[in-house]
>>> print(open('entry_25.cif').read())   # mmCIF, N, CA and C atoms
data_upload
#
loop_
_atom_site.label_atom_id
_atom_site.label_comp_id
_atom_site.auth_asym_id
_atom_site.auth_seq_id
_atom_site.Cartn_x
_atom_site.Cartn_y
_atom_site.Cartn_z
N MET A 13 18.87 7.38 -27.30
CA MET A 13 17.64 7.51 -28.06
C MET A 13 16.70 8.44 -27.31
N LYS A 14 16.05 9.30 -28.03
CA LYS A 14 15.09 10.22 -27.42
C LYS A 14 13.76 10.08 -28.14
N VAL A 15 12.73 9.86 -27.38
CA VAL A 15 11.37 9.76 -27.91
C VAL A 15 10.53 10.73 -27.09
N ARG A 16 9.85 11.63 -27.76
CA ARG A 16 9.04 12.59 -27.01
C ARG A 16 7.93 11.88 -26.25
N GLU A 17 7.45 12.52 -25.22
CA GLU A 17 6.37 11.95 -24.44
C GLU A 17 5.11 11.90 -25.30
N MET A 18 4.40 10.80 -25.21
CA MET A 18 3.18 10.64 -26.00
C MET A 18 2.03 11.44 -25.39
N THR A 19 1.12 11.87 -26.25
CA THR A 19 -0.13 12.46 -25.76
C THR A 19 -0.97 11.32 -25.18
N GLU A 20 -2.02 11.66 -24.48
CA GLU A 20 -2.89 10.64 -23.90
C GLU A 20 -3.47 9.73 -24.99
N ALA A 21 -3.90 10.31 -26.09
CA ALA A 21 -4.48 9.52 -27.18
C ALA A 21 -3.44 8.60 -27.81
N GLU A 22 -2.24 9.11 -28.02
CA GLU A 22 -1.17 8.29 -28.57
C GLU A 22 -0.86 7.12 -27.63
N TYR A 23 -0.84 7.42 -26.34
CA TYR A 23 -0.53 6.38 -25.36
C TYR A 23 -1.61 5.30 -25.34
N ARG A 24 -2.86 5.70 -25.46
CA ARG A 24 -3.96 4.73 -25.49
C ARG A 24 -3.82 3.78 -26.68
N LEU A 25 -3.44 4.33 -27.83
CA LEU A 25 -3.22 3.49 -29.00
C LEU A 25 -1.99 2.60 -28.80
N ALA A 26 -0.93 3.15 -28.25
CA ALA A 26 0.27 2.35 -27.99
C ALA A 26 -0.05 1.18 -27.07
N GLU A 27 -0.87 1.43 -26.05
CA GLU A 27 -1.28 0.35 -25.13
C GLU A 27 -1.98 -0.78 -25.89
N LEU A 28 -2.87 -0.42 -26.81
CA LEU A 28 -3.55 -1.45 -27.61
C LEU A 28 -2.56 -2.22 -28.47
N ILE A 29 -1.60 -1.53 -29.03
CA ILE A 29 -0.59 -2.20 -29.84
C ILE A 29 0.25 -3.12 -28.97
N TRP A 30 0.71 -2.63 -27.82
CA TRP A 30 1.52 -3.46 -26.92
C TRP A 30 0.76 -4.71 -26.49
N GLU A 31 -0.53 -4.57 -26.26
CA GLU A 31 -1.33 -5.71 -25.80
C GLU A 31 -1.66 -6.70 -26.91
N ASN A 32 -1.69 -6.25 -28.17
CA ASN A 32 -2.22 -7.09 -29.25
C ASN A 32 -1.26 -7.38 -30.40
N ALA A 33 -0.10 -6.76 -30.42
CA ALA A 33 0.82 -6.93 -31.55
C ALA A 33 1.38 -8.34 -31.60
N PRO A 34 1.63 -8.84 -32.81
CA PRO A 34 1.34 -8.20 -34.09
C PRO A 34 -0.17 -8.25 -34.37
N ILE A 35 -0.65 -7.19 -34.99
CA ILE A 35 -2.08 -7.08 -35.28
C ILE A 35 -2.24 -6.46 -36.67
N GLY A 36 -3.17 -6.97 -37.44
CA GLY A 36 -3.46 -6.39 -38.74
C GLY A 36 -3.98 -4.97 -38.57
N SER A 37 -3.65 -4.10 -39.50
CA SER A 37 -4.08 -2.71 -39.37
C SER A 37 -5.60 -2.59 -39.39
N GLY A 38 -6.28 -3.41 -40.18
CA GLY A 38 -7.74 -3.40 -40.20
C GLY A 38 -8.33 -3.84 -38.87
N GLU A 39 -7.70 -4.84 -38.27
CA GLU A 39 -8.14 -5.33 -36.96
C GLU A 39 -7.90 -4.25 -35.89
N LEU A 40 -6.79 -3.53 -36.02
CA LEU A 40 -6.51 -2.44 -35.09
C LEU A 40 -7.55 -1.33 -35.21
N VAL A 41 -7.95 -1.01 -36.44
CA VAL A 41 -9.00 -0.02 -36.66
C VAL A 41 -10.28 -0.45 -35.95
N GLN A 42 -10.63 -1.71 -36.08
CA GLN A 42 -11.83 -2.25 -35.44
C GLN A 42 -11.72 -2.19 -33.91
N LEU A 43 -10.56 -2.55 -33.39
CA LEU A 43 -10.32 -2.52 -31.96
C LEU A 43 -10.42 -1.10 -31.41
N CYS A 44 -9.87 -0.14 -32.14
CA CYS A 44 -9.93 1.27 -31.72
C CYS A 44 -11.37 1.79 -31.76
N ALA A 45 -12.14 1.34 -32.73
CA ALA A 45 -13.55 1.74 -32.80
C ALA A 45 -14.30 1.21 -31.58
N GLU A 46 -14.05 -0.05 -31.23
CA GLU A 46 -14.74 -0.67 -30.09
C GLU A 46 -14.30 -0.08 -28.75
N ARG A 47 -13.00 0.04 -28.55
CA ARG A 47 -12.48 0.42 -27.23
C ARG A 47 -12.33 1.91 -27.02
N LEU A 48 -12.05 2.65 -28.12
CA LEU A 48 -11.76 4.08 -27.98
C LEU A 48 -12.81 4.96 -28.65
N GLY A 49 -13.69 4.34 -29.43
CA GLY A 49 -14.70 5.11 -30.15
C GLY A 49 -14.13 5.91 -31.30
N TRP A 50 -13.00 5.47 -31.85
CA TRP A 50 -12.33 6.20 -32.92
C TRP A 50 -12.83 5.76 -34.29
N LYS A 51 -12.77 6.72 -35.23
CA LYS A 51 -13.03 6.42 -36.64
C LYS A 51 -11.74 5.90 -37.26
N LYS A 52 -11.87 5.28 -38.42
CA LYS A 52 -10.72 4.74 -39.14
C LYS A 52 -9.66 5.82 -39.36
N SER A 53 -10.10 7.00 -39.79
CA SER A 53 -9.13 8.07 -40.08
C SER A 53 -8.35 8.49 -38.83
N THR A 54 -9.02 8.51 -37.69
CA THR A 54 -8.34 8.87 -36.44
C THR A 54 -7.29 7.83 -36.09
N THR A 55 -7.66 6.56 -36.22
CA THR A 55 -6.72 5.48 -35.90
C THR A 55 -5.48 5.58 -36.79
N TYR A 56 -5.67 5.77 -38.09
CA TYR A 56 -4.52 5.83 -38.99
C TYR A 56 -3.68 7.09 -38.76
N THR A 57 -4.32 8.20 -38.42
CA THR A 57 -3.57 9.41 -38.10
C THR A 57 -2.69 9.19 -36.87
N MET A 58 -3.28 8.61 -35.83
CA MET A 58 -2.53 8.37 -34.60
C MET A 58 -1.44 7.32 -34.83
N LEU A 59 -1.74 6.31 -35.63
CA LEU A 59 -0.76 5.28 -35.93
C LEU A 59 0.44 5.87 -36.67
N ARG A 60 0.18 6.76 -37.63
CA ARG A 60 1.27 7.42 -38.35
C ARG A 60 2.17 8.19 -37.38
N LYS A 61 1.56 8.84 -36.39
CA LYS A 61 2.35 9.58 -35.40
C LYS A 61 3.23 8.63 -34.59
N LEU A 62 2.67 7.50 -34.16
CA LEU A 62 3.46 6.54 -33.39
C LEU A 62 4.60 5.95 -34.23
N CYS A 63 4.33 5.72 -35.50
CA CYS A 63 5.37 5.21 -36.39
C CYS A 63 6.47 6.26 -36.59
N ALA A 64 6.09 7.51 -36.76
CA ALA A 64 7.07 8.59 -36.93
C ALA A 64 7.93 8.77 -35.68
N MET A 65 7.35 8.51 -34.51
CA MET A 65 8.08 8.61 -33.24
C MET A 65 9.02 7.43 -33.02
N GLY A 66 8.81 6.35 -33.77
CA GLY A 66 9.61 5.15 -33.56
C GLY A 66 9.05 4.22 -32.51
N VAL A 67 7.78 4.40 -32.16
CA VAL A 67 7.13 3.56 -31.15
C VAL A 67 6.49 2.33 -31.80
N ALA A 68 5.97 2.50 -33.01
CA ALA A 68 5.28 1.40 -33.71
C ALA A 68 5.77 1.31 -35.14
N ARG A 69 5.45 0.17 -35.77
CA ARG A 69 5.72 -0.04 -37.19
C ARG A 69 4.44 -0.53 -37.85
N ASN A 70 4.21 -0.11 -39.09
CA ASN A 70 3.08 -0.61 -39.87
C ASN A 70 3.64 -1.04 -41.22
N GLU A 71 3.93 -2.33 -41.33
CA GLU A 71 4.54 -2.87 -42.54
C GLU A 71 3.65 -3.97 -43.09
N SER A 72 3.33 -3.89 -44.36
CA SER A 72 2.49 -4.89 -45.04
C SER A 72 1.18 -5.10 -44.28
N ALA A 73 0.58 -3.99 -43.83
CA ALA A 73 -0.71 -3.99 -43.12
C ALA A 73 -0.67 -4.75 -41.80
N THR A 74 0.54 -4.90 -41.23
CA THR A 74 0.69 -5.51 -39.92
C THR A 74 1.36 -4.52 -38.99
N VAL A 75 0.73 -4.27 -37.86
CA VAL A 75 1.25 -3.30 -36.89
C VAL A 75 1.98 -4.05 -35.78
N THR A 76 3.20 -3.61 -35.50
CA THR A 76 3.99 -4.17 -34.42
C THR A 76 4.56 -3.04 -33.59
N ALA A 77 5.04 -3.38 -32.41
CA ALA A 77 5.68 -2.39 -31.54
C ALA A 77 7.15 -2.28 -31.93
N ALA A 78 7.63 -1.07 -32.15
CA ALA A 78 9.04 -0.84 -32.40
C ALA A 78 9.77 -0.68 -31.07
N LEU A 79 9.06 -0.22 -30.06
CA LEU A 79 9.56 -0.11 -28.69
C LEU A 79 8.59 -0.84 -27.78
N SER A 80 9.09 -1.56 -26.81
CA SER A 80 8.20 -2.18 -25.82
C SER A 80 7.74 -1.10 -24.84
N ARG A 81 6.72 -1.41 -24.09
CA ARG A 81 6.23 -0.50 -23.05
C ARG A 81 7.38 -0.14 -22.10
N GLU A 82 8.14 -1.15 -21.70
CA GLU A 82 9.24 -0.95 -20.76
C GLU A 82 10.32 -0.06 -21.36
N GLU A 83 10.65 -0.28 -22.65
CA GLU A 83 11.65 0.56 -23.30
C GLU A 83 11.18 2.01 -23.37
N TYR A 84 9.92 2.22 -23.72
CA TYR A 84 9.38 3.58 -23.79
C TYR A 84 9.48 4.26 -22.43
N HIS A 85 9.04 3.58 -21.38
CA HIS A 85 9.07 4.20 -20.05
C HIS A 85 10.49 4.43 -19.56
N SER A 86 11.40 3.55 -19.91
CA SER A 86 12.80 3.73 -19.54
C SER A 86 13.37 4.99 -20.21
N ILE A 87 13.08 5.17 -21.48
CA ILE A 87 13.54 6.36 -22.20
C ILE A 87 12.96 7.62 -21.58
N GLN A 88 11.66 7.59 -21.25
CA GLN A 88 11.03 8.76 -20.64
C GLN A 88 11.63 9.04 -19.27
N GLY A 89 11.90 7.99 -18.49
CA GLY A 89 12.51 8.17 -17.17
C GLY A 89 13.90 8.78 -17.28
N GLU A 90 14.69 8.30 -18.24
CA GLU A 90 16.02 8.87 -18.45
C GLU A 90 15.93 10.34 -18.82
N THR A 91 14.95 10.70 -19.63
CA THR A 91 14.77 12.10 -20.03
C THR A 91 14.43 12.97 -18.82
N VAL A 92 13.53 12.49 -17.96
CA VAL A 92 13.16 13.25 -16.76
C VAL A 92 14.38 13.46 -15.88
N ILE A 93 15.17 12.42 -15.67
CA ILE A 93 16.36 12.54 -14.82
C ILE A 93 17.38 13.48 -15.44
N ARG A 94 17.60 13.33 -16.75
CA ARG A 94 18.59 14.16 -17.44
C ARG A 94 18.18 15.63 -17.45
N GLU A 95 16.92 15.89 -17.81
CA GLU A 95 16.48 17.27 -17.99
C GLU A 95 16.00 17.92 -16.69
N GLY A 96 15.40 17.15 -15.81
CA GLY A 96 14.83 17.73 -14.59
C GLY A 96 15.73 17.69 -13.38
N PHE A 97 16.74 16.80 -13.41
CA PHE A 97 17.59 16.63 -12.23
C PHE A 97 19.07 16.65 -12.62
N ASN A 98 19.36 17.31 -13.74
CA ASN A 98 20.73 17.47 -14.20
C ASN A 98 21.47 16.14 -14.31
N GLY A 99 20.71 15.09 -14.65
CA GLY A 99 21.32 13.78 -14.83
C GLY A 99 21.61 13.02 -13.55
N SER A 100 21.18 13.55 -12.42
CA SER A 100 21.50 12.94 -11.13
C SER A 100 20.39 12.01 -10.65
N LEU A 101 20.66 10.71 -10.67
CA LEU A 101 19.70 9.74 -10.15
C LEU A 101 19.46 9.94 -8.65
N PRO A 102 20.51 10.18 -7.84
CA PRO A 102 20.25 10.43 -6.41
C PRO A 102 19.34 11.63 -6.16
N ARG A 103 19.51 12.72 -6.93
CA ARG A 103 18.63 13.88 -6.76
C ARG A 103 17.20 13.53 -7.12
N PHE A 104 17.02 12.76 -8.20
CA PHE A 104 15.69 12.32 -8.59
C PHE A 104 15.06 11.46 -7.49
N LEU A 105 15.81 10.47 -7.00
CA LEU A 105 15.28 9.58 -5.97
C LEU A 105 14.94 10.35 -4.69
N THR A 106 15.77 11.30 -4.32
CA THR A 106 15.51 12.11 -3.13
C THR A 106 14.20 12.88 -3.29
N ALA A 107 14.01 13.52 -4.43
CA ALA A 107 12.77 14.27 -4.67
C ALA A 107 11.57 13.33 -4.67
N PHE A 108 11.71 12.17 -5.29
CA PHE A 108 10.62 11.20 -5.38
C PHE A 108 10.26 10.69 -3.99
N VAL A 109 11.26 10.31 -3.21
CA VAL A 109 11.03 9.74 -1.88
C VAL A 109 10.45 10.79 -0.94
N GLU A 110 10.93 12.03 -1.03
CA GLU A 110 10.39 13.09 -0.17
C GLU A 110 8.92 13.34 -0.45
N LYS A 111 8.52 13.21 -1.69
CA LYS A 111 7.12 13.44 -2.07
C LYS A 111 6.23 12.25 -1.75
N ARG A 112 6.71 11.04 -2.03
CA ARG A 112 5.89 9.84 -1.94
C ARG A 112 6.14 9.02 -0.70
N GLY A 113 7.35 9.10 -0.16
CA GLY A 113 7.72 8.22 0.92
C GLY A 113 8.33 6.94 0.36
N LEU A 114 8.84 6.11 1.25
CA LEU A 114 9.52 4.89 0.84
C LEU A 114 9.13 3.78 1.81
N SER A 115 8.52 2.75 1.26
CA SER A 115 8.13 1.61 2.10
C SER A 115 9.36 0.76 2.40
N ARG A 116 9.26 -0.07 3.40
CA ARG A 116 10.34 -1.00 3.72
C ARG A 116 10.65 -1.89 2.52
N GLU A 117 9.59 -2.34 1.82
CA GLU A 117 9.79 -3.20 0.65
C GLU A 117 10.53 -2.47 -0.46
N ASP A 118 10.17 -1.20 -0.68
CA ASP A 118 10.86 -0.41 -1.71
C ASP A 118 12.33 -0.24 -1.34
N ALA A 119 12.59 0.08 -0.07
CA ALA A 119 13.97 0.27 0.38
C ALA A 119 14.78 -1.01 0.21
N GLU A 120 14.18 -2.15 0.56
CA GLU A 120 14.88 -3.42 0.41
C GLU A 120 15.16 -3.74 -1.05
N GLU A 121 14.21 -3.43 -1.93
CA GLU A 121 14.41 -3.66 -3.36
C GLU A 121 15.52 -2.77 -3.90
N LEU A 122 15.55 -1.50 -3.49
CA LEU A 122 16.63 -0.61 -3.92
C LEU A 122 17.98 -1.11 -3.42
N LYS A 123 18.02 -1.57 -2.19
CA LYS A 123 19.27 -2.11 -1.65
C LYS A 123 19.72 -3.33 -2.45
N ARG A 124 18.79 -4.23 -2.80
CA ARG A 124 19.14 -5.39 -3.61
C ARG A 124 19.70 -4.97 -4.98
N LEU A 125 19.08 -3.95 -5.58
CA LEU A 125 19.56 -3.47 -6.88
C LEU A 125 20.98 -2.92 -6.76
N ILE A 126 21.24 -2.15 -5.72
CA ILE A 126 22.57 -1.58 -5.50
C ILE A 126 23.58 -2.69 -5.23
N ASP A 127 23.21 -3.65 -4.39
CA ASP A 127 24.11 -4.77 -4.09
C ASP A 127 24.44 -5.55 -5.36
N ARG A 128 23.43 -5.81 -6.19
CA ARG A 128 23.67 -6.53 -7.44
C ARG A 128 24.58 -5.74 -8.37
N TRP A 129 24.36 -4.43 -8.44
CA TRP A 129 25.22 -3.58 -9.28
C TRP A 129 26.66 -3.62 -8.78
N GLU A 130 26.85 -3.50 -7.45
CA GLU A 130 28.20 -3.53 -6.90
C GLU A 130 28.90 -4.86 -7.19
N GLU A 131 28.13 -5.94 -7.07
CA GLU A 131 28.70 -7.26 -7.36
C GLU A 131 29.11 -7.38 -8.82
N GLU A 132 28.30 -6.85 -9.72
CA GLU A 132 28.64 -6.88 -11.15
C GLU A 132 29.85 -6.02 -11.45
N GLN A 133 29.97 -4.90 -10.75
CA GLN A 133 31.09 -3.99 -11.00
C GLN A 133 32.42 -4.51 -10.44
N HIS A 134 32.33 -5.19 -9.31
CA HIS A 134 33.56 -5.58 -8.61
C HIS A 134 33.77 -7.10 -8.58
N GLY A 135 32.87 -7.84 -9.23
CA GLY A 135 33.02 -9.28 -9.37
C GLY A 135 32.93 -9.99 -8.08
#
>>> encode(input="entry_25.cif", output="structure tokens")
Amino acid sequence: MKVREMTEAEYRLAELIWENAPIGSGELVQLCAERLGWKKSTTYTMLRKLCAMGVARNESATVTAALSREEYHSIQGETVIREGFNGSLPRFLTAFVEKRGLSREDAEELKRLIDRWEEEQHG
């Protein structure tokens, strides 16, 4: 599955949906007015975009998330690795670690993930 990266405005609306779904579309309009300063037309325009992307659904005036926050970020991460690092997770991790560094806790968590994967693969 491929979902394009959201604009900042789309992401702000998605965050509200993730935090409040299921939510009535009228209630979402009100929430966007309060938190984002948006007009009704802006909210519905942005909501249509999220629905077209497959991130949200608006059925019977009820808005729900079609993708969770975690699913969206996972898809975006896979796209970055595939397109920016030729599909190589080690190349991605190397670039990330060289830029940011790696704490002992991060290293231990990565080791636990690898150990768990090896155990699942080899029983």
>>> atom_distance(input="entry_25.cif", atom1="atom N of Leu101 of chain A", atom2="atom C of Ser86 of chain A")
13.3 Å
>>> atom_distance(input="entry_25.cif", atom1="atom CA of Arg47 of chain A", atom2="atom N of Ser80 of chain A")
21.7 Å
>>> closest_residue(input="entry_25.cif", among="A:Gly135, A:Gly66, A:Ala73, A:Arg103", to="Glu39 of chain A", atoms="all atoms listed in the file")
A:Ala73
>>> atom_distance(input="entry_25.cif", atom1="atom CA of Met58 of chain A", atom2="atom C of Ala45 of chain A")
14.1 Å
>>> resolve_selection(input="entry_25.cif", expression="the PyMOL selection byres (((chain A and resi 27 and name CA) around 12) and name CA)", output="short mmCIF file (atom, residue, chain, number, x, y, z; two decimals) with N, CA and C atoms, keeping the file's coordinate frame")
data_model
loop_
_atom_site.label_atom_id
_atom_site.label_comp_id
_atom_site.auth_asym_id
_atom_site.auth_seq_id
_atom_site.Cartn_x
_atom_site.Cartn_y
_atom_site.Cartn_z
N MET A 18 4.40 10.80 -25.21
CA MET A 18 3.18 10.64 -26.00
C MET A 18 2.03 11.44 -25.39
N GLU A 20 -2.02 11.66 -24.48
CA GLU A 20 -2.89 10.64 -23.90
C GLU A 20 -3.47 9.73 -24.99
N ALA A 21 -3.90 10.31 -26.09
CA ALA A 21 -4.48 9.52 -27.18
C ALA A 21 -3.44 8.60 -27.81
N GLU A 22 -2.24 9.11 -28.02
CA GLU A 22 -1.17 8.29 -28.57
C GLU A 22 -0.86 7.12 -27.63
N TYR A 23 -0.84 7.42 -26.34
CA TYR A 23 -0.53 6.38 -25.36
C TYR A 23 -1.61 5.30 -25.34
N ARG A 24 -2.86 5.70 -25.46
CA ARG A 24 -3.96 4.73 -25.49
C ARG A 24 -3.82 3.78 -26.68
N LEU A 25 -3.44 4.33 -27.83
CA LEU A 25 -3.22 3.49 -29.00
C LEU A 25 -1.99 2.60 -28.80
N ALA A 26 -0.93 3.15 -28.25
CA ALA A 26 0.27 2.35 -27.99
C ALA A 26 -0.05 1.18 -27.07
N LEU A 28 -2.87 -0.42 -26.81
CA LEU A 28 -3.55 -1.45 -27.61
C LEU A 28 -2.56 -2.22 -28.47
N ILE A 29 -1.60 -1.53 -29.03
CA ILE A 29 -0.59 -2.20 -29.84
C ILE A 29 0.25 -3.12 -28.97
N TRP A 30 0.71 -2.63 -27.82
CA TRP A 30 1.52 -3.46 -26.92
C TRP A 30 0.76 -4.71 -26.49
N GLU A 31 -0.53 -4.57 -26.26
CA GLU A 31 -1.33 -5.71 -25.80
C GLU A 31 -1.66 -6.70 -26.91
N ASN A 32 -1.69 -6.25 -28.17
CA ASN A 32 -2.22 -7.09 -29.25
C ASN A 32 -1.26 -7.38 -30.40
N ALA A 33 -0.10 -6.76 -30.42
CA ALA A 33 0.82 -6.93 -31.55
C ALA A 33 1.38 -8.34 -31.60
N LEU A 40 -6.79 -3.53 -36.02
CA LEU A 40 -6.51 -2.44 -35.09
C LEU A 40 -7.55 -1.33 -35.21
N LEU A 43 -10.56 -2.55 -33.39
CA LEU A 43 -10.32 -2.52 -31.96
C LEU A 43 -10.42 -1.10 -31.41
N CYS A 44 -9.87 -0.14 -32.14
CA CYS A 44 -9.93 1.27 -31.72
C CYS A 44 -11.37 1.79 -31.76
N ARG A 47 -13.00 0.04 -28.55
CA ARG A 47 -12.48 0.42 -27.23
C ARG A 47 -12.33 1.91 -27.02
N LEU A 48 -12.05 2.65 -28.12
CA LEU A 48 -11.76 4.08 -27.98
C LEU A 48 -12.81 4.96 -28.65
N LEU A 59 -1.74 6.31 -35.63
CA LEU A 59 -0.76 5.28 -35.93
C LEU A 59 0.44 5.87 -36.67
N LEU A 62 2.67 7.50 -34.16
CA LEU A 62 3.46 6.54 -33.39
C LEU A 62 4.60 5.95 -34.23
N VAL A 67 7.78 4.40 -32.16
CA VAL A 67 7.13 3.56 -31.15
C VAL A 67 6.49 2.33 -31.80
N ALA A 68 5.97 2.50 -33.01
CA ALA A 68 5.28 1.40 -33.71
C ALA A 68 5.77 1.31 -35.14
N THR A 76 3.20 -3.61 -35.50
CA THR A 76 3.99 -4.17 -34.42
C THR A 76 4.56 -3.04 -33.59
N ALA A 77 5.04 -3.38 -32.41
CA ALA A 77 5.68 -2.39 -31.54
C ALA A 77 7.15 -2.28 -31.93
N LEU A 79 9.06 -0.22 -30.06
CA LEU A 79 9.56 -0.11 -28.69
C LEU A 79 8.59 -0.84 -27.78
N SER A 80 9.09 -1.56 -26.81
CA SER A 80 8.20 -2.18 -25.82
C SER A 80 7.74 -1.10 -24.84
N ARG A 81 6.72 -1.41 -24.09
CA ARG A 81 6.23 -0.50 -23.05
C ARG A 81 7.38 -0.14 -22.10
N GLU A 82 8.14 -1.15 -21.70
CA GLU A 82 9.24 -0.95 -20.76
C GLU A 82 10.32 -0.06 -21.36
N TYR A 84 9.92 2.22 -23.72
CA TYR A 84 9.38 3.58 -23.79
C TYR A 84 9.48 4.26 -22.43
#
>>> select_by_dssp(input="entry_25.cif", residues="chain A", states="alpha helix (DSSP H)", output="ChimeraX atom specification")
/A:20-32,37-48,52-65,81-96,101-112,116-134
>>> residues_around(input="entry_25.cif", residues="Ser72 of chain A", least_positions_apart="2", cutoff="8 Å", atoms="only N, CA and C atoms", output="MDAnalysis selection string")
chainID A and resid 36:37 69:70 74:75
>>> write_last_selection(input="entry_25.cif", atoms="N, CA and C atoms", output="JSON list (two decimals), keeping the file's coordinate frame")
[["chain", "number", "residue", "atom", "x", "y", "z"],
["A", 36, "GLY", "N", -3.17, -6.97, -37.44],
["A", 36, "GLY", "CA", -3.46, -6.39, -38.74],
["A", 36, "GLY", "C", -3.98, -4.97, -38.57],
["A", 37, "SER", "N", -3.65, -4.10, -39.50],
["A", 37, "SER", "CA", -4.08, -2.71, -39.37],
["A", 37, "SER", "C", -5.60, -2.59, -39.39],
["A", 69, "ARG", "N", 5.45, 0.17, -35.77],
["A", 69, "ARG", "CA", 5.72, -0.04, -37.19],
["A", 69, "ARG", "C", 4.44, -0.53, -37.85],
["A", 70, "ASN", "N", 4.21, -0.11, -39.09],
["A", 70, "ASN", "CA", 3.08, -0.61, -39.87],
["A", 70, "ASN", "C", 3.64, -1.04, -41.22],
["A", 74, "THR", "N", 0.54, -4.90, -41.23],
["A", 74, "THR", "CA", 0.69, -5.51, -39.92],
["A", 74, "THR", "C", 1.36, -4.52, -38.99],
["A", 75, "VAL", "N", 0.73, -4.27, -37.86],
["A", 75, "VAL", "CA", 1.25, -3.30, -36.89],
["A", 75, "VAL", "C", 1.98, -4.05, -35.78]]
>>> closest_residue(input="entry_25.cif", among="A:Asn98, A:Thr91, A:Thr106, A:Thr57", to="Arg16 of chain A", atoms="only C-alpha atoms")
A:Thr91
>>> axis_aligned_box(input="entry_25.cif", around="segment 39-44 of chain A", padding_each_side="3 Å", output="lines of an AutoDock Vina configuration file")
center_x = -9.2
center_y = -1.8
center_z = -34.8
size_x = 11.3
size_y = 13.1
size_z = 12.9
>>> resolve_selection(input="entry_25.cif", expression="the PyMOL selection byres (((chain A and resi 92 and name CA) around 12) and name CA)", output="MDAnalysis selection string")
chainID A and resid 14:17 85:91 93:101 103:105 108
>>> build_atoms(input="entry_25.cif", residues="segment 44-56 of chain A", atoms="N, CA, C and O atoms", output="mmCIF file, in the frame of the given file")
data_model
loop_
_atom_site.group_PDB
_atom_site.id
_atom_site.type_symbol
_atom_site.label_atom_id
_atom_site.label_comp_id
_atom_site.auth_asym_id
_atom_site.auth_seq_id
_atom_site.Cartn_x
_atom_site.Cartn_y
_atom_site.Cartn_z
ATOM 1 N N CYS A 44 -9.870 -0.140 -32.140
ATOM 2 C CA CYS A 44 -9.930 1.270 -31.720
ATOM 3 C C CYS A 44 -11.370 1.790 -31.760
ATOM 4 O O CYS A 44 -11.759 2.580 -30.905
ATOM 5 N N ALA A 45 -12.140 1.340 -32.730
ATOM 6 C CA ALA A 45 -13.550 1.740 -32.800
ATOM 7 C C ALA A 45 -14.300 1.210 -31.580
ATOM 8 O O ALA A 45 -15.074 1.953 -30.950
ATOM 9 N N GLU A 46 -14.050 -0.050 -31.230
ATOM 10 C CA GLU A 46 -14.740 -0.670 -30.090
ATOM 11 C C GLU A 46 -14.300 -0.080 -28.750
ATOM 12 O O GLU A 46 -15.137 0.238 -27.908
ATOM 13 N N ARG A 47 -13.000 0.040 -28.550
ATOM 14 C CA ARG A 47 -12.480 0.420 -27.230
ATOM 15 C C ARG A 47 -12.330 1.910 -27.020
ATOM 16 O O ARG A 47 -12.442 2.398 -25.905
ATOM 17 N N LEU A 48 -12.050 2.650 -28.120
ATOM 18 C CA LEU A 48 -11.760 4.080 -27.980
ATOM 19 C C LEU A 48 -12.810 4.960 -28.650
ATOM 20 O O LEU A 48 -12.777 6.170 -28.492
ATOM 21 N N GLY A 49 -13.690 4.340 -29.430
ATOM 22 C CA GLY A 49 -14.700 5.110 -30.150
ATOM 23 C C GLY A 49 -14.130 5.910 -31.300
ATOM 24 O O GLY A 49 -14.706 6.916 -31.719
ATOM 25 N N TRP A 50 -13.000 5.470 -31.850
ATOM 26 C CA TRP A 50 -12.330 6.200 -32.920
ATOM 27 C C TRP A 50 -12.830 5.760 -34.290
ATOM 28 O O TRP A 50 -13.183 4.610 -34.506
ATOM 29 N N LYS A 51 -12.770 6.720 -35.230
ATOM 30 C CA LYS A 51 -13.030 6.420 -36.640
ATOM 31 C C LYS A 51 -11.740 5.900 -37.260
ATOM 32 O O LYS A 51 -10.639 6.093 -36.714
ATOM 33 N N LYS A 52 -11.870 5.280 -38.420
ATOM 34 C CA LYS A 52 -10.720 4.740 -39.140
ATOM 35 C C LYS A 52 -9.660 5.820 -39.360
ATOM 36 O O LYS A 52 -8.464 5.574 -39.139
ATOM 37 N N SER A 53 -10.100 7.000 -39.790
ATOM 38 C CA SER A 53 -9.130 8.070 -40.080
ATOM 39 C C SER A 53 -8.350 8.490 -38.830
ATOM 40 O O SER A 53 -7.153 8.764 -38.904
ATOM 41 N N THR A 54 -9.020 8.510 -37.690
ATOM 42 C CA THR A 54 -8.340 8.870 -36.440
ATOM 43 C C THR A 54 -7.290 7.830 -36.090
ATOM 44 O O THR A 54 -6.155 8.170 -35.732
ATOM 45 N N THR A 55 -7.660 6.560 -36.220
ATOM 46 C CA THR A 55 -6.720 5.480 -35.900
ATOM 47 C C THR A 55 -5.480 5.580 -36.790
ATOM 48 O O THR A 55 -4.348 5.515 -36.294
ATOM 49 N N TYR A 56 -5.670 5.770 -38.090
ATOM 50 C CA TYR A 56 -4.520 5.830 -38.990
ATOM 51 C C TYR A 56 -3.680 7.090 -38.760
ATOM 52 O O TYR A 56 -2.454 7.038 -38.859
#
